[in-house]
file entry27.pdb (PDB, C-alpha atoms)
ATOM      1  CA  MET L 216       0.000   0.000   0.000  1.00  0.00           C
ATOM      2  CA  LYS L 217       1.012   3.580  -0.537  1.00  0.00           C
ATOM      3  CA  LEU L 218      -0.036   6.892   0.966  1.00  0.00           C
ATOM      4  CA  ALA L 219      -2.049   8.676  -1.750  1.00  0.00           C
ATOM      5  CA  HIS L 220      -3.527  12.021  -0.738  1.00  0.00           C
ATOM      6  CA  THR L 221      -5.142  14.246   1.876  1.00  0.00           C
ATOM      7  CA  MET L 222      -8.393  15.890   0.788  1.00  0.00           C
ATOM      8  CA  ILE L 223      -9.602  19.185   2.245  1.00  0.00           C
ATOM      9  CA  ARG L 224     -12.818  21.020   1.394  1.00  0.00           C
ATOM     10  CA  ILE L 225     -12.315  24.643   0.431  1.00  0.00           C
ATOM     11  CA  ARG L 226     -14.583  27.664  -0.146  1.00  0.00           C
ATOM     12  CA  ASN L 227     -12.702  29.686  -2.755  1.00  0.00           C
ATOM     13  CA  LEU L 228     -10.504  27.980  -5.333  1.00  0.00           C
ATOM     14  CA  GLU L 229      -8.628  31.132  -6.337  1.00  0.00           C
ATOM     15  CA  ALA L 230      -7.730  31.940  -2.725  1.00  0.00           C
ATOM     16  CA  SER L 231      -6.618  28.344  -2.055  1.00  0.00           C
ATOM     17  CA  LEU L 232      -4.473  28.172  -5.206  1.00  0.00           C
ATOM     18  CA  GLU L 233      -2.864  31.494  -4.292  1.00  0.00           C
ATOM     19  CA  PHE L 234      -2.073  30.106  -0.845  1.00  0.00           C
ATOM     20  CA  TYR L 235      -0.943  26.568  -1.737  1.00  0.00           C
ATOM     21  CA  CYS L 236       0.739  27.307  -5.100  1.00  0.00           C
ATOM     22  CA  ASP L 237       1.985  30.909  -5.010  1.00  0.00           C
ATOM     23  CA  PHE L 238       2.774  31.019  -1.290  1.00  0.00           C
ATOM     24  CA  VAL L 239       3.564  27.398  -0.222  1.00  0.00           C
ATOM     25  CA  GLY L 240       5.016  26.390  -3.599  1.00  0.00           C
ATOM     26  CA  LEU L 241       2.894  23.380  -4.629  1.00  0.00           C
ATOM     27  CA  GLN L 242       1.957  22.757  -8.269  1.00  0.00           C
ATOM     28  CA  GLU L 243      -1.421  21.863  -9.725  1.00  0.00           C
ATOM     29  CA  VAL L 244      -1.047  18.414 -11.292  1.00  0.00           C
ATOM     30  CA  ARG L 245      -4.650  17.453 -12.115  1.00  0.00           C
ATOM     31  CA  ARG L 246      -8.096  19.039 -12.168  1.00  0.00           C
ATOM     32  CA  LYS L 247     -11.466  17.315 -12.417  1.00  0.00           C
ATOM     33  CA  GLU L 248     -14.814  19.058 -12.906  1.00  0.00           C
ATOM     34  CA  LEU L 249     -17.802  17.105 -11.579  1.00  0.00           C
ATOM     35  CA  GLY L 250     -20.413  18.879 -13.727  1.00  0.00           C
ATOM     36  CA  ASP L 251     -21.493  22.065 -11.963  1.00  0.00           C
ATOM     37  CA  GLU L 252     -21.368  20.366  -8.582  1.00  0.00           C
ATOM     38  CA  ALA L 253     -17.722  20.355  -7.637  1.00  0.00           C
ATOM     39  CA  THR L 254     -14.155  20.995  -8.740  1.00  0.00           C
ATOM     40  CA  LEU L 255     -11.308  18.765  -7.555  1.00  0.00           C
ATOM     41  CA  VAL L 256      -7.729  20.034  -7.854  1.00  0.00           C
ATOM     42  CA  PHE L 257      -4.740  17.846  -7.022  1.00  0.00           C
ATOM     43  CA  LEU L 258      -1.572  19.597  -5.847  1.00  0.00           C
ATOM     44  CA  SER L 259       1.896  18.163  -5.323  1.00  0.00           C
ATOM     45  CA  ASP L 260       5.529  19.055  -4.788  1.00  0.00           C
ATOM     46  CA  ASP L 261       8.030  18.238  -7.555  1.00  0.00           C
ATOM     47  CA  THR L 262       8.413  14.616  -6.410  1.00  0.00           C
ATOM     48  CA  GLY L 263       4.739  13.893  -7.126  1.00  0.00           C
ATOM     49  CA  ASN L 264       4.814  11.312  -4.320  1.00  0.00           C
ATOM     50  CA  TYR L 265       1.794  12.606  -2.428  1.00  0.00           C
ATOM     51  CA  HIS L 266      -1.076  14.941  -3.235  1.00  0.00           C
ATOM     52  CA  ILE L 267      -3.223  17.484  -1.489  1.00  0.00           C
ATOM     53  CA  GLU L 268      -6.689  17.327  -3.035  1.00  0.00           C
ATOM     54  CA  LEU L 269      -8.698  20.547  -2.862  1.00  0.00           C
ATOM     55  CA  THR L 270     -12.448  19.993  -3.165  1.00  0.00           C
ATOM     56  CA  LEU L 271     -14.703  22.919  -3.964  1.00  0.00           C
ATOM     57  CA  ASN L 272     -18.329  21.830  -3.544  1.00  0.00           C
ATOM     58  CA  ARG L 273     -20.967  24.109  -5.071  1.00  0.00           C
ATOM     59  CA  ASP L 274     -23.704  22.816  -2.773  1.00  0.00           C
ATOM     60  CA  GLY L 275     -24.344  26.004  -0.816  1.00  0.00           C
ATOM     61  CA  ARG L 276     -23.513  24.218   2.448  1.00  0.00           C
ATOM     62  CA  ASP L 277     -21.531  25.938   5.140  1.00  0.00           C
ATOM     63  CA  TYR L 278     -18.928  23.527   6.485  1.00  0.00           C
ATOM     64  CA  THR L 279     -17.421  23.702   9.973  1.00  0.00           C
ATOM     65  CA  VAL L 280     -13.728  22.990  10.440  1.00  0.00           C
ATOM     66  CA  GLY L 281     -13.998  21.707  14.038  1.00  0.00           C
ATOM     67  CA  ASP L 282     -10.947  21.399  16.295  1.00  0.00           C
ATOM     68  CA  GLN L 283     -10.064  17.716  15.900  1.00  0.00           C
ATOM     69  CA  PHE L 284      -8.269  17.750  12.548  1.00  0.00           C
ATOM     70  CA  GLY L 285      -4.637  18.710  13.028  1.00  0.00           C
ATOM     71  CA  HIS L 286      -2.645  20.300  10.223  1.00  0.00           C
ATOM     72  CA  LEU L 287      -0.851  19.954   6.903  1.00  0.00           C
ATOM     73  CA  ALA L 288       2.933  20.332   7.090  1.00  0.00           C
ATOM     74  CA  PHE L 289       5.510  21.364   4.503  1.00  0.00           C
ATOM     75  CA  HIS L 290       9.322  21.420   4.548  1.00  0.00           C
ATOM     76  CA  VAL L 291      11.033  24.489   3.111  1.00  0.00           C
ATOM     77  CA  ASP L 292      14.682  25.330   2.464  1.00  0.00           C
ATOM     78  CA  ASP L 293      14.421  28.886   3.751  1.00  0.00           C
ATOM     79  CA  LEU L 294      11.965  29.434   6.603  1.00  0.00           C
ATOM     80  CA  ASP L 295      13.099  33.046   7.057  1.00  0.00           C
ATOM     81  CA  ALA L 296      12.040  33.886   3.506  1.00  0.00           C
ATOM     82  CA  VAL L 297       8.635  32.345   4.267  1.00  0.00           C
ATOM     83  CA  ILE L 298       8.320  34.367   7.478  1.00  0.00           C
ATOM     84  CA  SER L 299       9.133  37.558   5.536  1.00  0.00           C
ATOM     85  CA  LYS L 300       6.316  36.800   3.071  1.00  0.00           C
ATOM     86  CA  VAL L 301       3.906  36.064   5.933  1.00  0.00           C
ATOM     87  CA  LYS L 302       4.782  39.393   7.545  1.00  0.00           C
ATOM     88  CA  GLU L 303       4.434  41.271   4.234  1.00  0.00           C
ATOM     89  CA  ASN L 304       0.958  39.764   3.865  1.00  0.00           C
ATOM     90  CA  GLY L 305       0.116  40.764   7.435  1.00  0.00           C
ATOM     91  CA  TRP L 306      -0.951  37.208   8.312  1.00  0.00           C
ATOM     92  CA  TRP L 307      -1.106  35.802  11.845  1.00  0.00           C
ATOM     93  CA  TYR L 308       1.562  33.220  12.611  1.00  0.00           C
ATOM     94  CA  ARG L 309       3.180  31.518  15.586  1.00  0.00           C
ATOM     95  CA  GLN L 310       6.860  30.677  15.623  1.00  0.00           C
ATOM     96  CA  SER L 311       8.722  27.749  17.267  1.00  0.00           C
ATOM     97  CA  LYS L 312      10.375  28.514  20.614  1.00  0.00           C
ATOM     98  CA  LEU L 313      14.091  29.245  20.556  1.00  0.00           C
ATOM     99  CA  ASN L 314      14.869  26.014  22.452  1.00  0.00           C
ATOM    100  CA  SER L 315      12.781  23.883  20.098  1.00  0.00           C
ATOM    101  CA  SER L 316      14.555  21.000  18.348  1.00  0.00           C
ATOM    102  CA  SER L 317      13.198  22.158  14.977  1.00  0.00           C
ATOM    103  CA  ARG L 318      12.371  25.564  13.475  1.00  0.00           C
ATOM    104  CA  TYR L 319       8.809  26.003  12.224  1.00  0.00           C
ATOM    105  CA  ILE L 320       5.862  28.341  12.032  1.00  0.00           C
ATOM    106  CA  PHE L 321       2.144  27.704  12.252  1.00  0.00           C
ATOM    107  CA  LEU L 322      -0.345  29.770  10.278  1.00  0.00           C
ATOM    108  CA  LYS L 323      -3.859  29.405   8.825  1.00  0.00           C
ATOM    109  CA  ASP L 324      -4.861  28.673   5.239  1.00  0.00           C
ATOM    110  CA  PRO L 325      -7.806  30.617   3.690  1.00  0.00           C
ATOM    111  CA  ASP L 326     -10.315  28.094   5.124  1.00  0.00           C
ATOM    112  CA  GLY L 327      -8.953  28.061   8.649  1.00  0.00           C
ATOM    113  CA  TYR L 328      -6.931  24.840   8.386  1.00  0.00           C
ATOM    114  CA  ASP L 329      -3.742  24.886  10.458  1.00  0.00           C
ATOM    115  CA  ILE L 330      -0.575  24.839   8.368  1.00  0.00           C
ATOM    116  CA  GLU L 331       2.929  24.030   9.646  1.00  0.00           C
ATOM    117  CA  ILE L 332       5.972  25.160   7.688  1.00  0.00           C
ATOM    118  CA  LEU L 333       9.214  23.530   8.797  1.00  0.00           C
ATOM    119  CA  GLN L 334      12.813  24.465   8.090  1.00  0.00           C
ATOM    120  CA  LYS L 335      14.527  21.536   6.381  1.00  0.00           C
ATOM    121  CA  LYS L 336      17.426  20.224   8.452  1.00  0.00           C
TER     122      LYS L 336
ATOM    123  CA  MET N   8       9.669  22.760  -0.672  1.00  0.00           C
ATOM    124  CA  LYS N   9       8.371  19.294   0.059  1.00  0.00           C
ATOM    125  CA  LEU N  10       5.126  17.890   1.398  1.00  0.00           C
ATOM    126  CA  ALA N  11       5.918  16.657   4.927  1.00  0.00           C
ATOM    127  CA  HIS N  12       2.956  15.273   6.868  1.00  0.00           C
ATOM    128  CA  THR N  13      -0.719  15.409   7.755  1.00  0.00           C
ATOM    129  CA  MET N  14      -1.451  15.524  11.483  1.00  0.00           C
ATOM    130  CA  ILE N  15      -4.681  14.201  12.979  1.00  0.00           C
ATOM    131  CA  ARG N  16      -5.703  14.254  16.633  1.00  0.00           C
ATOM    132  CA  ILE N  17      -6.775  10.872  17.977  1.00  0.00           C
ATOM    133  CA  ARG N  18      -8.446   9.609  21.173  1.00  0.00           C
ATOM    134  CA  ASN N  19      -6.998   6.120  21.587  1.00  0.00           C
ATOM    135  CA  LEU N  20      -3.501   5.301  20.362  1.00  0.00           C
ATOM    136  CA  GLU N  21      -3.979   1.530  20.442  1.00  0.00           C
ATOM    137  CA  ALA N  22      -7.149   1.717  18.351  1.00  0.00           C
ATOM    138  CA  SER N  23      -5.499   4.078  15.838  1.00  0.00           C
ATOM    139  CA  LEU N  24      -2.377   1.910  15.497  1.00  0.00           C
ATOM    140  CA  GLU N  25      -4.573  -1.135  14.962  1.00  0.00           C
ATOM    141  CA  PHE N  26      -6.439   0.728  12.230  1.00  0.00           C
ATOM    142  CA  TYR N  27      -3.542   2.472  10.462  1.00  0.00           C
ATOM    143  CA  CYS N  28      -0.840  -0.208  10.906  1.00  0.00           C
ATOM    144  CA  ASP N  29      -2.590  -3.590  11.155  1.00  0.00           C
ATOM    145  CA  PHE N  30      -5.489  -2.757   8.829  1.00  0.00           C
ATOM    146  CA  VAL N  31      -4.215  -0.052   6.398  1.00  0.00           C
ATOM    147  CA  GLY N  32      -0.604  -1.295   6.439  1.00  0.00           C
ATOM    148  CA  LEU N  33       1.383   1.766   7.523  1.00  0.00           C
ATOM    149  CA  GLN N  34       4.461   1.438   9.747  1.00  0.00           C
ATOM    150  CA  GLU N  35       5.378   3.424  12.841  1.00  0.00           C
ATOM    151  CA  VAL N  36       8.615   5.285  12.014  1.00  0.00           C
ATOM    152  CA  ARG N  37       8.990   7.677  14.968  1.00  0.00           C
ATOM    153  CA  ARG N  38       7.415   8.315  18.361  1.00  0.00           C
ATOM    154  CA  LYS N  39       7.813  11.360  20.579  1.00  0.00           C
ATOM    155  CA  GLU N  40       6.525  11.684  24.138  1.00  0.00           C
ATOM    156  CA  LEU N  41       5.848  15.255  25.248  1.00  0.00           C
ATOM    157  CA  GLY N  42       6.051  14.577  28.991  1.00  0.00           C
ATOM    158  CA  ASP N  43       2.656  13.373  30.217  1.00  0.00           C
ATOM    159  CA  GLU N  44       0.863  15.804  27.932  1.00  0.00           C
ATOM    160  CA  ALA N  45       0.911  14.173  24.535  1.00  0.00           C
ATOM    161  CA  THR N  46       2.246  11.343  22.395  1.00  0.00           C
ATOM    162  CA  LEU N  47       3.118  11.926  18.736  1.00  0.00           C
ATOM    163  CA  VAL N  48       3.456   8.913  16.429  1.00  0.00           C
ATOM    164  CA  PHE N  49       4.634   9.253  12.832  1.00  0.00           C
ATOM    165  CA  LEU N  50       3.423   6.624  10.357  1.00  0.00           C
ATOM    166  CA  SER N  51       4.555   6.031   6.782  1.00  0.00           C
ATOM    167  CA  ASP N  52       4.446   3.562   3.917  1.00  0.00           C
ATOM    168  CA  ASP N  53       7.682   1.846   2.871  1.00  0.00           C
ATOM    169  CA  THR N  54       8.796   4.800   0.722  1.00  0.00           C
ATOM    170  CA  GLY N  55       8.952   7.079   3.786  1.00  0.00           C
ATOM    171  CA  ASN N  56       8.093  10.005   1.495  1.00  0.00           C
ATOM    172  CA  TYR N  57       5.187  11.340   3.524  1.00  0.00           C
ATOM    173  CA  HIS N  58       3.948  10.835   7.061  1.00  0.00           C
ATOM    174  CA  ILE N  59       0.675  10.691   8.909  1.00  0.00           C
ATOM    175  CA  GLU N  60       1.245  12.144  12.384  1.00  0.00           C
ATOM    176  CA  LEU N  61      -1.085  10.834  15.086  1.00  0.00           C
ATOM    177  CA  THR N  62      -1.361  13.193  18.066  1.00  0.00           C
ATOM    178  CA  LEU N  63      -2.800  11.903  21.321  1.00  0.00           C
ATOM    179  CA  ASN N  64      -3.347  14.837  23.681  1.00  0.00           C
ATOM    180  CA  ARG N  65      -3.941  13.999  27.344  1.00  0.00           C
ATOM    181  CA  ASP N  66      -5.698  17.295  28.030  1.00  0.00           C
ATOM    182  CA  GLY N  67      -9.160  15.915  28.795  1.00  0.00           C
ATOM    183  CA  ARG N  68     -10.645  18.009  25.987  1.00  0.00           C
ATOM    184  CA  ASP N  69     -13.339  16.602  23.749  1.00  0.00           C
ATOM    185  CA  TYR N  70     -12.538  17.487  20.150  1.00  0.00           C
ATOM    186  CA  THR N  71     -15.135  17.800  17.375  1.00  0.00           C
ATOM    187  CA  VAL N  72     -14.294  16.515  13.918  1.00  0.00           C
ATOM    188  CA  GLY N  73     -16.582  18.925  12.014  1.00  0.00           C
ATOM    189  CA  ASP N  74     -17.567  18.316   8.386  1.00  0.00           C
ATOM    190  CA  GLN N  75     -15.053  20.495   6.521  1.00  0.00           C
ATOM    191  CA  PHE N  76     -11.971  18.288   6.624  1.00  0.00           C
ATOM    192  CA  GLY N  77     -12.055  15.757   3.789  1.00  0.00           C
ATOM    193  CA  HIS N  78     -10.213  12.456   4.051  1.00  0.00           C
ATOM    194  CA  LEU N  79      -6.949  10.556   4.010  1.00  0.00           C
ATOM    195  CA  ALA N  80      -6.461   8.289   0.981  1.00  0.00           C
ATOM    196  CA  PHE N  81      -4.358   5.173   0.471  1.00  0.00           C
ATOM    197  CA  HIS N  82      -3.574   3.086  -2.622  1.00  0.00           C
ATOM    198  CA  VAL N  83      -3.687  -0.692  -2.243  1.00  0.00           C
ATOM    199  CA  ASP N  84      -2.810  -3.554  -4.597  1.00  0.00           C
ATOM    200  CA  ASP N  85      -5.839  -5.640  -3.696  1.00  0.00           C
ATOM    201  CA  LEU N  86      -8.987  -3.703  -2.829  1.00  0.00           C
ATOM    202  CA  ASP N  87     -11.065  -6.893  -2.665  1.00  0.00           C
ATOM    203  CA  ALA N  88      -8.869  -8.228   0.135  1.00  0.00           C
ATOM    204  CA  VAL N  89      -9.410  -4.946   1.993  1.00  0.00           C
ATOM    205  CA  ILE N  90     -13.179  -5.156   1.491  1.00  0.00           C
ATOM    206  CA  SER N  91     -13.147  -8.710   2.877  1.00  0.00           C
ATOM    207  CA  LYS N  92     -11.366  -7.493   6.018  1.00  0.00           C
ATOM    208  CA  VAL N  93     -13.816  -4.601   6.394  1.00  0.00           C
ATOM    209  CA  LYS N  94     -16.752  -7.031   6.139  1.00  0.00           C
ATOM    210  CA  GLU N  95     -15.144  -9.446   8.627  1.00  0.00           C
ATOM    211  CA  ASN N  96     -14.810  -6.548  11.070  1.00  0.00           C
ATOM    212  CA  GLY N  97     -18.426  -5.562  10.455  1.00  0.00           C
ATOM    213  CA  TRP N  98     -17.445  -1.972   9.642  1.00  0.00           C
ATOM    214  CA  TRP N  99     -19.593   0.436   7.639  1.00  0.00           C
ATOM    215  CA  TYR N 100     -18.208   1.227   4.187  1.00  0.00           C
ATOM    216  CA  ARG N 101     -19.352   2.717   0.909  1.00  0.00           C
ATOM    217  CA  GLN N 102     -18.094   1.373  -2.405  1.00  0.00           C
ATOM    218  CA  SER N 103     -17.442   3.177  -5.723  1.00  0.00           C
ATOM    219  CA  LYS N 104     -20.194   2.916  -8.334  1.00  0.00           C
ATOM    220  CA  LEU N 105     -19.739   0.331 -11.076  1.00  0.00           C
ATOM    221  CA  ASN N 106     -19.343   3.055 -13.733  1.00  0.00           C
ATOM    222  CA  SER N 107     -16.738   4.956 -11.707  1.00  0.00           C
ATOM    223  CA  SER N 108     -13.364   5.559 -13.384  1.00  0.00           C
ATOM    224  CA  SER N 109     -11.569   4.179 -10.316  1.00  0.00           C
ATOM    225  CA  ARG N 110     -12.378   1.511  -7.723  1.00  0.00           C
ATOM    226  CA  TYR N 111     -12.387   2.637  -4.096  1.00  0.00           C
ATOM    227  CA  ILE N 112     -14.154   2.384  -0.784  1.00  0.00           C
ATOM    228  CA  PHE N 113     -14.804   4.975   1.910  1.00  0.00           C
ATOM    229  CA  LEU N 114     -14.890   4.043   5.567  1.00  0.00           C
ATOM    230  CA  LYS N 115     -14.289   5.696   8.968  1.00  0.00           C
ATOM    231  CA  ASP N 116     -11.202   5.520  11.169  1.00  0.00           C
ATOM    232  CA  PRO N 117     -11.657   5.075  14.962  1.00  0.00           C
ATOM    233  CA  ASP N 118     -11.999   8.868  15.442  1.00  0.00           C
ATOM    234  CA  GLY N 119     -14.547   9.432  12.684  1.00  0.00           C
ATOM    235  CA  TYR N 120     -12.131  10.670  10.007  1.00  0.00           C
ATOM    236  CA  ASP N 121     -13.138   9.665   6.482  1.00  0.00           C
ATOM    237  CA  ILE N 122     -10.713   7.221   4.862  1.00  0.00           C
ATOM    238  CA  GLU N 123     -10.536   6.401   1.152  1.00  0.00           C
ATOM    239  CA  ILE N 124      -8.882   3.184  -0.011  1.00  0.00           C
ATOM    240  CA  LEU N 125      -8.187   3.074  -3.741  1.00  0.00           C
ATOM    241  CA  GLN N 126      -7.331   0.158  -5.988  1.00  0.00           C
ATOM    242  CA  LYS N 127      -3.958   0.834  -7.639  1.00  0.00           C
ATOM    243  CA  LYS N 128      -4.258   0.994 -11.405  1.00  0.00           C
TER     244      LYS N 128
END
call {"tool": "encode", "arguments": {"input": "entry27.pdb", "output": "C-alpha cells"}}
result
Amino acid sequence: MKLAHTMIRIRNLEASLEFYCDFVGLQEVRRKELGDEATLVFLSDDTGNYHIELTLNRDGRDYTVGDQFGHLAFHVDDLDAVISKVKENGWWYRQSKLNSSSRYIFLKDPDGYDIEILQKK
Amino acid sequence: MKLAHTMIRIRNLEASLEFYCDFVGLQEVRRKELGDEATLVFLSDDTGNYHIELTLNRDGRDYTVGDQFGHLAFHVDDLDAVISKVKENGWWYRQSKLNSSSRYIFLKDPDGYDIEILQKK
C-alpha cells in the first residue's frame, strides 16, 4: 500500500491556489470538474509522491472545520524567507520557541486549516 | 519545498495503530513523548516520502471533527482483500459505483475521520 492524498474542502478555489501554489510552492497536477457540482484540484511538490486534493463543492452548504483535525505540514529550504512573506501579507503566525529542536511556524490557510511550515534540516 | 505530513488528533492510540498499521498497512517510524501531555506517532508507507502524524493529547478536551476536513487516501494492490477485512470486522463502508473511473471504498477511522482506499491501477 502507498499513501495517496489528503483531501480538504475549500470555499474559494482562487484563494486556495494562491495560498498553496503561489505562497507554499505546490503545483497543480490534475483538475477534475464534476459537472457544476464540484471541482477537484490535485496539488503536489516536484516529487509527485503525495497529493493534497482541494475539493470545492458548489452545494451552498456551510462547512465547519472543528478542532479535531490537526494540520498539513511542509518542509522548506528557507523558513526566514517564508516568514518575511507572511509578515508582508500581514498574516497571523506563531513561531517555534528558541529552544525547540526544529524551526517552524504555524499559520492558517484561507479556510482556517492549520498549516505548519518547517525548516529543512 | 516538500510535502511533509498530515497531522490528525486521535483519542486512543492503540485503536489508531490497529487501524492504520494492522489494517491499512502503515508502519510506525517515529514516536515522541511530550512529557505526560501528549504522544506523537509518525506513520509512513515503505517509501517514507510522507507521514501521517497521530497526536494523542492527554488534556481531557473533547474534540469535534466537524464536516469540513475531507479524508486521508491510500492506494492498495488488492482492494477486494481490503473489502473482505472490512466485512469481517463488520465496519460500515461505501463502495465506488460500477461506472466509476476508479475503484475505491470509503470508511471511517476510529476517530470518525473519512478514509478512502483506492485500488492501484
call {"tool": "residues_around", "arguments": {"input": "entry27.pdb", "residues": "N:Arg16", "least_positions_apart": "2", "cutoff": "10 Å", "atoms": "all atoms listed in the file", "output": "PyMOL selection string"}}
result
(chain L and resi 282-286) or (chain N and resi 14+18-20+47+60-64+70+72+118+120)
call {"tool": "write_last_selection", "arguments": {"input": "entry27.pdb", "atoms": "C-alpha atoms", "output": "PDB file, keeping the file's coordinate frame"}}
result
ATOM      1  CA  ASP L 282     -10.947  21.399  16.295  1.00  0.00           C
ATOM      2  CA  GLN L 283     -10.064  17.716  15.900  1.00  0.00           C
ATOM      3  CA  PHE L 284      -8.269  17.750  12.548  1.00  0.00           C
ATOM      4  CA  GLY L 285      -4.637  18.710  13.028  1.00  0.00           C
ATOM      5  CA  HIS L 286      -2.645  20.300  10.223  1.00  0.00           C
TER       6      HIS L 286
ATOM      7  CA  MET N  14      -1.451  15.524  11.483  1.00  0.00           C
ATOM      8  CA  ARG N  18      -8.446   9.609  21.173  1.00  0.00           C
ATOM      9  CA  ASN N  19      -6.998   6.120  21.587  1.00  0.00           C
ATOM     10  CA  LEU N  20      -3.501   5.301  20.362  1.00  0.00           C
ATOM     11  CA  LEU N  47       3.118  11.926  18.736  1.00  0.00           C
ATOM     12  CA  GLU N  60       1.245  12.144  12.384  1.00  0.00           C
ATOM     13  CA  LEU N  61      -1.085  10.834  15.086  1.00  0.00           C
ATOM     14  CA  THR N  62      -1.361  13.193  18.066  1.00  0.00           C
ATOM     15  CA  LEU N  63      -2.800  11.903  21.321  1.00  0.00           C
ATOM     16  CA  ASN N  64      -3.347  14.837  23.681  1.00  0.00           C
ATOM     17  CA  TYR N  70     -12.538  17.487  20.150  1.00  0.00           C
ATOM     18  CA  VAL N  72     -14.294  16.515  13.918  1.00  0.00           C
ATOM     19  CA  ASP N 118     -11.999   8.868  15.442  1.00  0.00           C
ATOM     20  CA  TYR N 120     -12.131  10.670  10.007  1.00  0.00           C
TER      21      TYR N 120
END
call {"tool": "residues_around", "arguments": {"input": "entry27.pdb", "residues": "L:Leu333", "least_positions_apart": "2", "cutoff": "12 Å", "atoms": "only C-alpha atoms", "output": "number ranges by chain"}}
result
L: 239, 287-298, 310-311, 315-322, 330-331, 335-336; N: 8-12
call {"tool": "closest_residue", "arguments": {"input": "entry27.pdb", "among": "N:Ile15, N:Gly32, N:Asp66, N:Gly73", "to": "N:Val48", "atoms": "all atoms listed in the file"}}
result
N:Ile15
call {"tool": "closest_residue", "arguments": {"input": "entry27.pdb", "among": "L:Gly250, L:Pro325, L:Gly275, L:Gly263", "to": "chain N", "atoms": "all atoms listed in the file"}}
result
L:Gly263
call {"tool": "residues_near_point", "arguments": {"input": "entry27.pdb", "point": "(-6.6, -3.2, 11.2)", "cutoff": "12 Å", "atoms": "only C-alpha atoms", "output": "compact mmCIF listing (two decimals) with C-alpha atoms, in the frame of the given file"}}
result
# COMPACT_ATOMS: atom_id res chain seq x y z
CA GLU N 21 -3.98 1.53 20.44
CA ALA N 22 -7.15 1.72 18.35
CA SER N 23 -5.50 4.08 15.84
CA LEU N 24 -2.38 1.91 15.50
CA GLU N 25 -4.57 -1.14 14.96
CA PHE N 26 -6.44 0.73 12.23
CA TYR N 27 -3.54 2.47 10.46
CA CYS N 28 -0.84 -0.21 10.91
CA ASP N 29 -2.59 -3.59 11.16
CA PHE N 30 -5.49 -2.76 8.83
CA VAL N 31 -4.22 -0.05 6.40
CA GLY N 32 -0.60 -1.30 6.44
CA LEU N 33 1.38 1.77 7.52
CA VAL N 89 -9.41 -4.95 1.99
CA ILE N 90 -13.18 -5.16 1.49
CA SER N 91 -13.15 -8.71 2.88
CA LYS N 92 -11.37 -7.49 6.02
CA VAL N 93 -13.82 -4.60 6.39
CA LYS N 94 -16.75 -7.03 6.14
CA GLU N 95 -15.14 -9.45 8.63
CA ASN N 96 -14.81 -6.55 11.07
CA TRP N 98 -17.44 -1.97 9.64
CA LYS N 115 -14.29 5.70 8.97
CA ASP N 116 -11.20 5.52 11.17
CA PRO N 117 -11.66 5.08 14.96
call {"tool": "closest_residue", "arguments": {"input": "entry27.pdb", "among": "N:His58, N:Arg38, N:Arg101, N:Arg65", "to": "chain L", "atoms": "only C-alpha atoms"}}
result
N:His58
call {"tool": "atom_distance", "arguments": {"input": "entry27.pdb", "atom1": "atom CA of L:Thr262", "atom2": "atom CA of N:Thr54"}}
result
12.1 Å
call {"tool": "closest_residue", "arguments": {"input": "entry27.pdb", "among": "L:Glu243, L:Gly305, L:Gly327, L:Ala253", "to": "chain N", "atoms": "only C-alpha atoms"}}
result
L:Gly327
call {"tool": "closest_residue", "arguments": {"input": "entry27.pdb", "among": "L:Gln334, L:Thr279, L:Asn314, L:Gln242", "to": "chain N", "atoms": "all atoms listed in the file"}}
result
L:Thr279
call {"tool": "closest_residue", "arguments": {"input": "entry27.pdb", "among": "L:Leu313, L:Trp307, L:Arg245, L:Glu252", "to": "L:Arg276", "atoms": "all atoms listed in the file"}}
result
L:Glu252
call {"tool": "atom_distance", "arguments": {"input": "entry27.pdb", "atom1": "atom CA of L:Ile332", "atom2": "atom CA of N:Thr13"}}
result
11.8 Å
